[in-house]
$ cat start_34.cif   # mmCIF, C-alpha atoms
data_start
#
loop_
_atom_site.label_atom_id
_atom_site.label_comp_id
_atom_site.auth_asym_id
_atom_site.auth_seq_id
_atom_site.Cartn_x
_atom_site.Cartn_y
_atom_site.Cartn_z
CA MET A 117 -107.04 18.55 -59.37
CA LEU A 118 -109.25 19.96 -56.62
CA SER A 119 -110.10 17.43 -53.92
CA ALA A 120 -113.75 16.48 -53.48
CA GLU A 121 -113.74 17.73 -49.90
CA SER A 122 -112.36 21.14 -50.86
CA ALA A 123 -114.67 21.36 -53.86
CA ALA A 124 -117.70 21.00 -51.60
CA VAL A 125 -116.46 23.72 -49.25
CA VAL A 126 -115.52 26.09 -52.08
CA ARG A 127 -118.88 25.56 -53.76
CA GLY A 128 -120.68 26.47 -50.57
CA THR A 129 -118.57 29.54 -49.81
CA LEU A 130 -117.93 30.89 -53.32
CA PRO A 131 -120.93 33.26 -53.26
CA ALA A 132 -119.76 34.84 -50.00
CA VAL A 133 -116.13 35.06 -51.12
CA ALA A 134 -117.03 36.40 -54.55
CA GLY A 135 -119.35 38.98 -53.04
CA ALA A 136 -116.58 40.25 -50.76
CA LEU A 137 -113.70 40.09 -53.26
CA ASP A 138 -113.60 43.82 -53.90
CA GLU A 139 -113.13 44.56 -50.21
CA ILE A 140 -110.75 41.62 -49.83
CA THR A 141 -108.50 42.74 -52.70
CA THR A 142 -108.60 46.36 -51.51
CA ARG A 143 -107.33 45.33 -48.07
CA PHE A 144 -104.87 42.89 -49.62
CA TYR A 145 -103.14 45.49 -51.79
CA GLY A 146 -103.20 48.09 -49.01
CA ALA A 147 -101.50 45.80 -46.49
CA MET A 148 -99.01 44.34 -48.96
CA PHE A 149 -97.84 47.71 -50.30
CA ARG A 150 -97.64 49.09 -46.74
CA ASP A 151 -95.27 46.32 -45.71
CA ARG A 152 -93.59 45.67 -49.07
CA PRO A 153 -93.46 49.05 -50.87
CA GLU A 154 -90.75 47.79 -53.22
CA LEU A 155 -93.45 45.79 -55.04
CA LEU A 156 -95.27 48.98 -55.99
CA ASP A 157 -92.03 50.47 -57.29
CA GLY A 158 -91.56 49.01 -60.72
CA MET A 159 -93.98 46.09 -60.73
CA PHE A 160 -97.52 47.37 -60.19
CA ASN A 161 -99.19 50.11 -62.22
CA ARG A 162 -99.97 53.00 -59.86
CA GLY A 163 -102.71 54.24 -62.14
CA ASN A 164 -104.48 50.87 -62.14
CA GLN A 165 -104.11 50.72 -58.37
CA ALA A 166 -105.70 54.16 -57.97
CA SER A 167 -108.57 53.38 -60.34
CA GLY A 168 -109.28 49.96 -58.84
CA ALA A 169 -108.73 48.21 -62.18
CA GLN A 170 -105.99 45.95 -60.81
CA ARG A 171 -107.98 44.72 -57.82
CA ARG A 172 -111.04 44.10 -60.03
CA ALA A 173 -108.89 42.05 -62.40
CA LEU A 174 -107.45 40.04 -59.50
CA ALA A 175 -110.91 39.43 -58.05
CA GLY A 176 -112.22 38.36 -61.44
CA SER A 177 -109.37 35.93 -62.04
CA ILE A 178 -109.77 34.30 -58.60
CA ALA A 179 -113.51 33.89 -59.06
CA ALA A 180 -113.10 32.59 -62.62
CA PHE A 181 -110.45 30.07 -61.59
CA ALA A 182 -112.50 28.78 -58.64
CA THR A 183 -115.62 28.51 -60.80
CA ALA A 184 -113.71 26.59 -63.48
CA LEU A 185 -112.37 24.15 -60.88
CA LEU A 186 -115.89 23.51 -59.62
CA ASP A 187 -117.19 22.98 -63.13
CA ASP A 188 -114.46 20.43 -63.88
CA PRO A 189 -112.21 19.64 -60.88
CA ASP A 190 -109.83 17.50 -62.99
CA THR A 191 -108.83 20.26 -65.44
CA ARG A 192 -107.38 23.78 -65.33
CA PRO A 193 -108.62 26.87 -67.18
CA ASP A 194 -105.50 27.09 -69.33
CA THR A 195 -106.66 30.08 -71.40
CA LEU A 196 -107.06 32.19 -68.26
CA LEU A 197 -103.79 30.93 -66.77
CA THR A 198 -101.80 31.52 -69.96
CA ARG A 199 -102.98 35.12 -70.19
CA ILE A 200 -101.98 35.77 -66.57
CA ALA A 201 -98.64 33.96 -66.90
CA HIS A 202 -97.56 36.13 -69.84
CA LYS A 203 -98.54 39.30 -67.97
CA HIS A 204 -96.59 38.11 -64.93
CA ALA A 205 -93.50 37.19 -66.95
CA ALA A 206 -93.57 40.60 -68.63
CA VAL A 207 -93.11 42.31 -65.25
CA GLY A 208 -90.65 39.79 -63.83
CA VAL A 209 -92.76 37.90 -61.29
CA THR A 210 -90.79 35.22 -59.42
CA ASP A 211 -91.80 32.13 -57.44
CA ASP A 212 -91.17 33.63 -54.01
CA GLN A 213 -93.66 36.42 -54.64
CA TYR A 214 -96.53 33.92 -54.62
CA THR A 215 -95.76 33.23 -50.96
CA ILE A 216 -95.89 36.96 -50.24
CA VAL A 217 -99.22 37.33 -52.05
CA HIS A 218 -100.61 34.30 -50.19
CA LYS A 219 -99.77 35.83 -46.82
CA TYR A 220 -101.51 39.13 -47.47
CA LEU A 221 -104.42 37.75 -49.50
CA PHE A 222 -105.41 35.22 -46.87
CA GLY A 223 -104.93 37.80 -44.16
CA ALA A 224 -107.39 40.02 -45.98
CA ILE A 225 -109.86 37.15 -46.40
CA ALA A 226 -109.75 36.47 -42.66
CA GLU A 227 -110.25 40.18 -41.86
CA VAL A 228 -113.24 40.60 -44.16
CA LEU A 229 -115.06 37.31 -43.60
CA GLY A 230 -114.18 36.91 -39.91
CA ASP A 231 -115.56 33.86 -38.16
CA ALA A 232 -116.87 32.47 -41.46
CA VAL A 233 -113.28 31.47 -42.26
CA THR A 234 -113.18 28.20 -40.35
CA PRO A 235 -110.11 25.95 -40.59
CA GLU A 236 -111.97 23.89 -43.22
CA VAL A 237 -112.81 26.97 -45.29
CA ALA A 238 -109.24 28.29 -45.05
CA ALA A 239 -107.83 24.91 -46.10
CA ALA A 240 -110.16 24.62 -49.09
CA TRP A 241 -109.36 28.09 -50.43
CA ASP A 242 -105.69 27.50 -49.68
CA GLU A 243 -105.89 24.51 -52.01
CA VAL A 244 -107.49 26.67 -54.72
CA TYR A 245 -104.79 29.31 -54.34
CA TRP A 246 -101.87 26.92 -54.58
CA LEU A 247 -103.40 25.05 -57.52
CA MET A 248 -103.59 28.36 -59.34
CA ALA A 249 -100.18 29.54 -58.15
CA GLY A 250 -98.51 26.23 -58.96
CA ALA A 251 -99.90 26.22 -62.47
CA LEU A 252 -98.76 29.81 -63.01
CA ILE A 253 -95.29 29.16 -61.60
CA ALA A 254 -94.86 26.25 -64.02
CA GLN A 255 -96.07 28.27 -67.00
CA GLU A 256 -93.90 31.24 -66.11
CA ALA A 257 -90.83 29.01 -65.75
CA ARG A 258 -91.39 27.77 -69.30
CA LEU A 259 -91.87 31.32 -70.58
CA TYR A 260 -88.60 32.48 -69.01
CA GLN A 261 -86.82 29.45 -70.43
CA ASP A 262 -88.24 30.04 -73.92
CA ALA A 263 -87.19 33.70 -73.71
CA GLY A 264 -83.66 32.68 -72.74
CA VAL A 265 -83.71 34.64 -69.48
CA GLY A 266 -83.51 33.73 -65.81
CA PRO A 267 -86.71 33.90 -63.73
CA GLY A 268 -87.56 37.56 -63.36
CA ARG A 269 -84.36 38.67 -65.13
CA ILE A 270 -86.13 40.07 -68.12
CA TRP A 271 -84.55 43.52 -68.52
CA ARG A 272 -82.21 44.84 -71.18
CA GLN A 273 -81.11 48.27 -72.36
CA TRP A 274 -82.18 49.38 -75.84
CA THR A 275 -81.06 52.42 -77.80
CA VAL A 276 -83.61 54.60 -79.59
CA VAL A 277 -82.30 54.79 -83.15
CA ASP A 278 -85.24 56.79 -84.46
CA ARG A 279 -88.33 58.59 -83.19
CA ARG A 280 -91.24 59.06 -85.59
CA THR A 281 -94.36 61.15 -85.06
CA GLU A 282 -97.42 59.15 -86.15
CA THR A 283 -100.25 61.47 -85.05
CA ARG A 284 -100.63 64.40 -82.69
CA ASP A 285 -100.73 61.99 -79.74
CA VAL A 286 -98.76 58.98 -81.02
CA VAL A 287 -95.04 58.40 -81.57
CA SER A 288 -93.04 55.35 -82.60
CA PHE A 289 -89.60 54.41 -81.31
CA LEU A 290 -87.25 52.21 -83.32
CA LEU A 291 -84.92 50.37 -80.98
CA ARG A 292 -81.74 48.32 -81.13
CA PRO A 293 -80.04 46.44 -78.25
CA ALA A 294 -77.58 48.81 -76.58
CA ASP A 295 -75.11 45.97 -75.98
CA GLY A 296 -74.86 45.16 -79.69
CA GLU A 297 -76.00 41.59 -79.11
CA PRO A 298 -78.67 39.95 -81.31
CA VAL A 299 -82.31 40.87 -80.99
CA PRO A 300 -84.18 38.22 -78.95
CA PRO A 301 -86.82 36.17 -80.77
CA ALA A 302 -90.41 37.37 -80.70
CA ARG A 303 -93.73 36.50 -82.29
CA ALA A 304 -96.08 38.80 -84.15
CA GLY A 305 -98.63 40.15 -81.66
CA GLN A 306 -96.38 40.09 -78.59
CA TYR A 307 -95.51 43.02 -76.34
CA VAL A 308 -92.65 44.24 -74.18
CA SER A 309 -92.64 46.09 -70.87
CA ALA A 310 -90.95 49.48 -70.72
CA ARG A 311 -89.50 50.39 -67.32
CA ALA A 312 -89.16 54.11 -66.64
CA GLN A 313 -88.11 56.24 -63.69
CA MET A 314 -90.74 58.78 -62.72
CA PRO A 315 -90.05 62.36 -61.54
CA ASP A 316 -90.67 61.28 -57.93
CA GLY A 317 -87.90 58.69 -58.20
CA GLY A 318 -90.20 55.67 -58.39
CA HIS A 319 -90.30 53.27 -61.31
CA GLN A 320 -93.27 52.26 -63.40
CA LEU A 321 -93.84 49.64 -66.08
CA ARG A 322 -96.14 49.69 -69.07
CA GLN A 323 -96.62 47.15 -71.84
CA TYR A 324 -96.34 48.16 -75.51
CA SER A 325 -97.02 45.93 -78.50
CA LEU A 326 -94.32 45.30 -81.06
CA SER A 327 -95.76 47.31 -83.95
CA SER A 328 -93.36 46.11 -86.68
CA ASP A 329 -92.31 42.72 -87.98
CA PRO A 330 -90.61 41.04 -84.98
CA GLY A 331 -88.15 39.20 -87.21
CA GLY A 332 -85.90 42.15 -88.03
CA ASN A 333 -82.78 43.46 -86.33
CA VAL A 334 -84.63 46.41 -84.81
CA ARG A 335 -87.81 46.56 -82.77
CA ARG A 336 -90.52 49.19 -82.79
CA ILE A 337 -93.01 50.22 -80.16
CA THR A 338 -95.72 52.79 -80.79
CA VAL A 339 -96.83 54.87 -77.81
CA LYS A 340 -99.99 56.94 -77.42
CA ARG A 341 -99.84 59.55 -74.68
CA VAL A 342 -102.82 58.95 -72.41
CA ARG A 343 -104.76 62.10 -71.63
CA GLY A 344 -106.76 61.80 -68.43
CA ASP A 345 -110.47 62.43 -68.64
CA ALA A 346 -113.37 62.46 -66.18
CA GLY A 347 -110.94 63.40 -63.41
CA ALA A 348 -108.47 60.61 -64.17
CA PRO A 349 -104.77 61.57 -64.30
CA ASP A 350 -102.71 61.56 -67.49
CA GLY A 351 -100.80 58.36 -68.18
CA GLU A 352 -97.47 58.49 -66.32
CA VAL A 353 -95.24 56.44 -68.60
CA SER A 354 -96.87 57.30 -71.93
CA ASN A 355 -96.57 61.04 -71.32
CA LEU A 356 -92.97 60.68 -70.13
CA LEU A 357 -91.99 58.72 -73.25
CA TYR A 358 -93.94 61.01 -75.57
CA GLY A 359 -92.54 64.17 -74.04
CA GLN A 360 -88.95 63.26 -73.19
CA CYS A 361 -87.66 60.22 -75.09
CA ARG A 362 -85.51 61.15 -78.11
CA THR A 363 -83.20 59.50 -80.62
CA GLY A 364 -80.04 58.34 -78.86
CA ASP A 365 -81.72 57.78 -75.51
CA GLU A 366 -81.85 54.37 -73.87
CA LEU A 367 -84.96 52.52 -72.75
CA THR A 368 -85.17 49.57 -70.37
CA LEU A 369 -87.30 46.89 -72.03
CA SER A 370 -88.32 43.38 -71.07
CA ALA A 371 -88.08 40.27 -73.16
CA PRO A 372 -91.16 39.89 -75.39
CA PHE A 373 -94.22 38.08 -74.04
CA GLY A 374 -97.91 37.75 -74.91
CA ASP A 375 -100.24 34.89 -75.77
CA VAL A 376 -102.26 36.54 -78.57
CA VAL A 377 -99.92 35.75 -81.43
CA LEU A 378 -100.11 35.02 -85.12
CA ASP A 379 -99.43 31.55 -86.45
CA ASP A 380 -100.12 29.08 -83.75
CA PRO A 381 -99.23 25.82 -85.52
CA ALA A 382 -102.84 24.64 -85.69
CA ASP A 383 -103.92 27.82 -87.48
CA ALA A 384 -100.91 28.53 -89.70
CA ALA A 385 -102.90 28.37 -92.96
CA ALA A 386 -106.17 29.94 -91.80
CA PRO A 387 -107.40 33.28 -93.16
CA VAL A 388 -106.67 36.22 -90.87
CA VAL A 389 -108.98 39.05 -89.78
CA LEU A 390 -107.33 41.89 -87.86
CA VAL A 391 -109.87 44.04 -86.01
CA SER A 392 -108.88 47.12 -84.02
CA ALA A 393 -109.80 50.58 -82.81
CA GLY A 394 -107.56 53.46 -81.77
CA ILE A 395 -104.11 52.46 -80.57
CA GLY A 396 -105.27 48.83 -80.69
CA CYS A 397 -103.90 48.91 -84.23
CA THR A 398 -100.34 48.38 -82.97
CA PRO A 399 -100.27 44.58 -82.55
CA MET A 400 -102.30 44.28 -85.76
CA THR A 401 -99.71 46.28 -87.70
CA GLY A 402 -97.00 43.99 -86.34
CA MET A 403 -98.95 40.94 -87.52
CA LEU A 404 -99.63 42.51 -90.90
CA ALA A 405 -95.95 43.39 -91.34
CA HIS A 406 -94.98 39.81 -90.52
CA LEU A 407 -97.41 38.45 -93.10
CA ALA A 408 -95.94 40.80 -95.72
CA THR A 409 -92.36 39.88 -94.78
CA VAL A 410 -92.94 36.15 -95.21
CA GLY A 411 -94.87 36.64 -98.45
CA SER A 412 -98.08 35.15 -97.10
CA THR A 413 -100.82 34.22 -99.58
CA ARG A 414 -103.47 33.80 -96.87
CA PRO A 415 -106.68 35.82 -97.15
CA VAL A 416 -106.30 38.85 -94.86
CA ARG A 417 -108.89 41.41 -93.82
CA VAL A 418 -107.92 44.52 -91.86
CA LEU A 419 -110.79 46.30 -90.07
CA HIS A 420 -110.06 49.45 -88.10
CA ALA A 421 -112.14 52.16 -86.42
CA ASP A 422 -110.88 55.56 -85.26
CA HIS A 423 -111.97 59.12 -84.56
CA SER A 424 -110.60 60.42 -87.87
CA PRO A 425 -107.93 59.59 -90.47
CA ALA A 426 -105.59 62.09 -88.76
CA ASP A 427 -105.95 60.15 -85.48
CA HIS A 428 -105.37 56.75 -87.12
CA ALA A 429 -101.79 55.80 -86.20
CA LEU A 430 -99.84 53.80 -88.82
CA ARG A 431 -102.64 54.33 -91.35
CA THR A 432 -100.42 54.86 -94.41
CA GLU A 433 -98.18 51.95 -93.46
CA THR A 434 -101.22 49.71 -93.07
CA ARG A 435 -102.39 50.59 -96.58
CA GLU A 436 -98.92 49.89 -97.98
CA LEU A 437 -98.69 46.51 -96.24
CA VAL A 438 -102.14 45.50 -97.48
CA GLU A 439 -101.08 46.30 -101.04
CA GLN A 440 -98.10 43.95 -100.68
CA LEU A 441 -100.33 40.96 -99.94
CA PRO A 442 -102.12 39.17 -102.81
CA ASP A 443 -105.41 38.58 -101.01
CA ALA A 444 -105.71 41.39 -98.48
CA ARG A 445 -108.30 44.15 -98.07
CA ALA A 446 -108.66 46.98 -95.59
CA HIS A 447 -111.85 48.63 -94.33
CA PHE A 448 -111.72 51.75 -92.16
CA TRP A 449 -114.46 53.49 -90.16
CA TYR A 450 -114.13 57.06 -88.86
CA GLU A 451 -116.42 59.14 -86.72
CA GLN A 452 -115.21 62.12 -88.74
CA LEU A 453 -114.25 61.53 -92.37
CA GLY A 454 -111.33 63.24 -94.06
CA GLU A 455 -110.00 63.67 -97.57
CA GLU A 456 -107.17 61.22 -96.79
CA GLU A 457 -109.56 58.25 -96.84
CA PRO A 458 -112.44 58.98 -99.24
CA ALA A 459 -113.51 55.32 -99.34
CA ALA A 460 -113.77 54.98 -95.57
CA ARG A 461 -117.06 54.46 -93.81
CA VAL A 462 -118.50 57.01 -91.42
CA GLY A 463 -119.49 56.15 -87.87
CA LEU A 464 -118.73 53.19 -85.63
CA MET A 465 -117.57 49.84 -86.99
CA ASP A 466 -120.45 47.97 -88.60
CA LEU A 467 -119.65 44.59 -90.13
CA HIS A 468 -122.86 44.40 -92.15
CA GLY A 469 -121.87 43.76 -95.75
CA ILE A 470 -118.23 42.97 -94.90
CA GLU A 471 -117.07 39.66 -96.34
CA LEU A 472 -115.32 37.58 -93.69
CA PRO A 473 -113.40 34.53 -94.99
CA ASP A 474 -114.60 31.11 -93.88
CA GLY A 475 -112.52 29.57 -91.13
CA ALA A 476 -110.81 32.86 -90.30
CA MET A 477 -108.83 33.45 -87.14
CA VAL A 478 -109.85 36.84 -85.75
CA PHE A 479 -107.56 39.05 -83.68
CA LEU A 480 -109.28 41.83 -81.76
CA CYS A 481 -107.80 44.80 -79.90
CA GLY A 482 -109.18 48.14 -78.74
CA PRO A 483 -111.22 49.73 -75.95
CA LEU A 484 -113.43 47.29 -74.05
CA PRO A 485 -116.78 48.75 -75.25
CA PHE A 486 -115.55 48.45 -78.84
CA MET A 487 -114.42 44.86 -78.37
CA ARG A 488 -117.69 43.84 -76.73
CA ALA A 489 -119.73 45.36 -79.55
CA VAL A 490 -117.61 43.97 -82.37
CA ARG A 491 -117.29 40.53 -80.82
CA GLY A 492 -121.08 40.34 -80.80
CA GLN A 493 -121.13 41.25 -84.49
CA LEU A 494 -118.49 38.63 -85.27
CA LEU A 495 -120.47 35.93 -83.49
CA ALA A 496 -123.63 36.99 -85.31
CA ALA A 497 -121.70 36.74 -88.59
CA GLY A 498 -120.92 33.09 -87.85
CA ILE A 499 -117.36 33.36 -86.50
CA PRO A 500 -116.97 30.70 -83.76
CA ALA A 501 -116.05 32.14 -80.36
CA ARG A 502 -112.99 29.88 -80.23
CA ASN A 503 -111.64 31.65 -83.35
CA ILE A 504 -111.75 35.13 -81.75
CA ARG A 505 -108.64 36.12 -79.81
CA TYR A 506 -108.38 39.43 -78.04
CA GLU A 507 -105.68 41.59 -76.46
CA VAL A 508 -106.44 43.98 -73.61
CA PHE A 509 -104.13 46.89 -72.85
CA GLY A 510 -103.96 46.82 -69.04
CA PRO A 511 -105.66 44.52 -66.52
CA ASP A 512 -108.01 42.09 -68.21
CA LEU A 513 -111.44 43.10 -66.94
CA TRP A 514 -113.26 41.42 -69.81
CA LEU A 515 -114.62 37.90 -69.51
CA PRO A 516 -116.18 37.51 -72.96
CA GLY A 517 -117.90 34.20 -72.31
CA PRO A 518 -117.43 30.60 -73.43
CA VAL A 519 -114.65 29.88 -75.91
CA ALA A 520 -116.45 27.15 -77.79
#
$ encode --input "start_34.cif" --output "structure tokens"
Amino acid sequence: MLSAESAAVVRGTLPAVAGALDEITTRFYGAMFRDRPELLDGMFNRGNQASGAQRRALAGSIAAFATALLDDPDTRPDTLLTRIAHKHAAVGVTDDQYTIVHKYLFGAIAEVLGDAVTPEVAAAWDEVYWLMAGALIAQEARLYQDAGVGPGRIWRQWTVVDRRTETRDVVSFLLRPADGEPVPPARAGQYVSARAQMPDGGHQLRQYSLSSDPGGNVRRITVKRVRGDAGAPDGEVSNLLYGQCRTGDELTLSAPFGDVVLDDPADAAAPVVLVSAGIGCTPMTGMLAHLATVGSTRPVRVLHADHSPADHALRTETRELVEQLPDARAHFWYEQLGEEEPAARVGLMDLHGIELPDGAMVFLCGPLPFMRAVRGQLLAAGIPARNIRYEVFGPDLWLPGPVA
């Protein structure tokens, strides 16, 4: 609950703070990594730092949280907080790190805004920060407890029992715990972090969806090597895994996390629509495999867009899983058609003429421009916004609008 006094101050200063957030977050990360370089080694994505994606995501989350508090001071934006909490748990964030972030963030605010940061302004924004931090700390504690791990102690060694080439740029790794202990529980749609040592000796983390049924005694992640374009560098971790990881190697993986999951209790009987593009198919394949494993009779629609059938990772497996379900259909769109999929549609995904089951829960994953375009089509087709759940690979820079 945001106090009335702080709410008035935040409302009056939000435009100035929001307008300066890019500079504030730039200075914040610069100062924090200068003094605490261990945080950049193995917790923050160097590529996202270089591109500015991480600071834009941080700025967006601060502004969104403050705006939500002003709109309704007695409630918290739980959807936003849950998404952040899962991302934090997946990289091992601990309570004490919120104090570190507070120090450098508020130092950056004071540097950028100068004399505008009066004691009253600082106190009001301090209240916003600790409301957000406190809510996240509580959520993350529950996530660690549910995962059966200590706060931040998320790592475990896994042995690669098989490596499978999916396309020219995509490989899958089948993994089993190296210690021989049981596989930890997971839900269809969740992801794990992979922690890898880079050639320069530093460590980097990346999240990969579980692309098979999470209920088995092995886990699978499917990795697309990221090729840099428009001057951007190649993906560090994806290229290392694609180029060097082989059967018999060990990978350091986190416990599974992620809030975009199949079968929330309230929606356990609803029809399912799985919508993806490119490597966004991976969490959808995990969900589809789970539905097949449990013998689901729910209506299922699988919609996927890709450059060509040859670039469509897990395409054959998707077809096979659809055939195992009594009321499932798949529709594919390709910019370039191939003989492998004669019934596919050509071009970008167009939902005109596609039957979407009433009351369906829609899961959406792919590049941001794709998700924006398809979400608009889904809304136009009568799917309520609250029924559309999306997963973003990387910092969440997409605020798709109201959820109701």
$ resolve_selection --input "start_34.cif" --expression "the PyMOL selection byres ((chain A and resi 130-147) around 9)" --output "VMD selection string"
chain A and resid 125 to 129 148 to 152 165 168 171 to 172 174 to 176 178 to 179 182 to 183 217 220 to 229
$ residues_around --input "start_34.cif" --residues "Arg343 of chain A" --least-positions-apart "5" --cutoff "10 Å" --atoms "only C-alpha atoms" --output "number ranges by chain"
A: 285, 348-352, 354-355
$ resolve_selection --input "start_34.cif" --expression "the PyMOL selection byres ((chain A and resi 406-418) around 9)" --output "ChimeraX atom specification"
/A:303-304,328-331,378,385-392,400-405,419-420,434,437-438,440-448,471-473,476
$ atom_distance --input "start_34.cif" --atom1 "atom CA of Arg162 of chain A" --atom2 "atom CA of Val342 of chain A"
14.2 Å
$ residues_around --input "start_34.cif" --residues "segment 358-368 of chain A" --least-positions-apart "6" --cutoff "7 Å" --atoms "only C-alpha atoms" --output "list in words"
Trp271, Arg272, Gln273, Trp274, Thr275, Val276, Val277, Asp278, Arg279, Val287, Ala310, Arg311 and Arg341 of chain A
$ closest_residue --input "start_34.cif" --among "A:Leu259, A:Leu356, A:Ala294, A:Val308" --to "Ala205 of chain A" --atoms "only C-alpha atoms"
A:Leu259
$ closest_residue --input "start_34.cif" --among "A:Glu282, A:His468, A:Thr198, A:Met159" --to "Glu433 of chain A" --atoms "all atoms listed in the file"
A:Glu282
$ atom_distance --input "start_34.cif" --atom1 "atom CA of Asp211 of chain A" --atom2 "atom CA of Tyr324 of chain A"
24.6 Å
$ resolve_selection --input "start_34.cif" --expression "the PyMOL selection byres ((chain A and resi 421) around 12)" --output "JSON, numbers by chain"
{"A": [390, 391, 392, 393, 394, 395, 396, 397, 418, 419, 420, 422, 423, 424, 425, 427, 428, 429, 431, 446, 447, 448, 449, 450, 451, 452, 453, 460, 461, 462, 463, 464, 465, 466, 467, 480, 481, 482, 483, 486, 487, 490]}
$ atom_distance --input "start_34.cif" --atom1 "atom CA of Ile253 of chain A" --atom2 "atom CA of Tyr214 of chain A"
8.5 Å
$ axis_aligned_box --input "start_34.cif" --around "segment 135-143 of chain A" --padding-each-side "8 Å" --output "JSON"
{"center_x": -113.3, "center_y": 42.7, "center_z": -51.0, "size_x": 28.0, "size_y": 23.4, "size_z": 21.8}
$ residues_around --input "start_34.cif" --residues "Thr191 of chain A" --least-positions-apart "4" --cutoff "12 Å" --atoms "all atoms listed in the file" --output "number ranges by chain"
A: 117-119, 181-187, 195, 197, 247-248, 251
$ closest_residue --input "start_34.cif" --among "A:Val209, A:Val334, A:Ala312, A:Val265" --to "Leu291 of chain A" --atoms "only C-alpha atoms"
A:Val334
$ residues_near_point --input "start_34.cif" --point "(-94.8, 52.2, -79.4)" --cutoff "7 Å" --atoms "only C-alpha atoms" --output "ChimeraX atom specification"
/A:287-289,324-325,327,336-339
$ write_last_selection --input "start_34.cif" --atoms "C-alpha atoms" --output "compact mmCIF listing (two decimals), in the frame of the given file"
# COMPACT_ATOMS: atom_id res chain seq x y z
CA VAL A 287 -95.04 58.40 -81.57
CA SER A 288 -93.04 55.35 -82.60
CA PHE A 289 -89.60 54.41 -81.31
CA TYR A 324 -96.34 48.16 -75.51
CA SER A 325 -97.02 45.93 -78.50
CA SER A 327 -95.76 47.31 -83.95
CA ARG A 336 -90.52 49.19 -82.79
CA ILE A 337 -93.01 50.22 -80.16
CA THR A 338 -95.72 52.79 -80.79
CA VAL A 339 -96.83 54.87 -77.81
$ closest_residue --input "start_34.cif" --among "A:Pro300, A:Pro485, A:Lys340, A:Ala384" --to "Asp262 of chain A" --atoms "only C-alpha atoms"
A:Pro300
$ residues_near_point --input "start_34.cif" --point "(-111.9, 38.0, -81.3)" --cutoff "7 Å" --atoms "all atoms listed in the file" --output "list in words"
Val478, Phe479, Leu480, Arg491, Asn503, Ile504, Arg505 and Tyr506 of chain A
$ closest_residue --input "start_34.cif" --among "A:Val244, A:Ala254, A:Leu357, A:Val508" --to "Met314 of chain A" --atoms "only C-alpha atoms"
A:Leu357
$ closest_residue --input "start_34.cif" --among "A:Leu369, A:Asp375, A:Pro399, A:Leu155" --to "Ile216 of chain A" --atoms "all atoms listed in the file"
A:Leu155
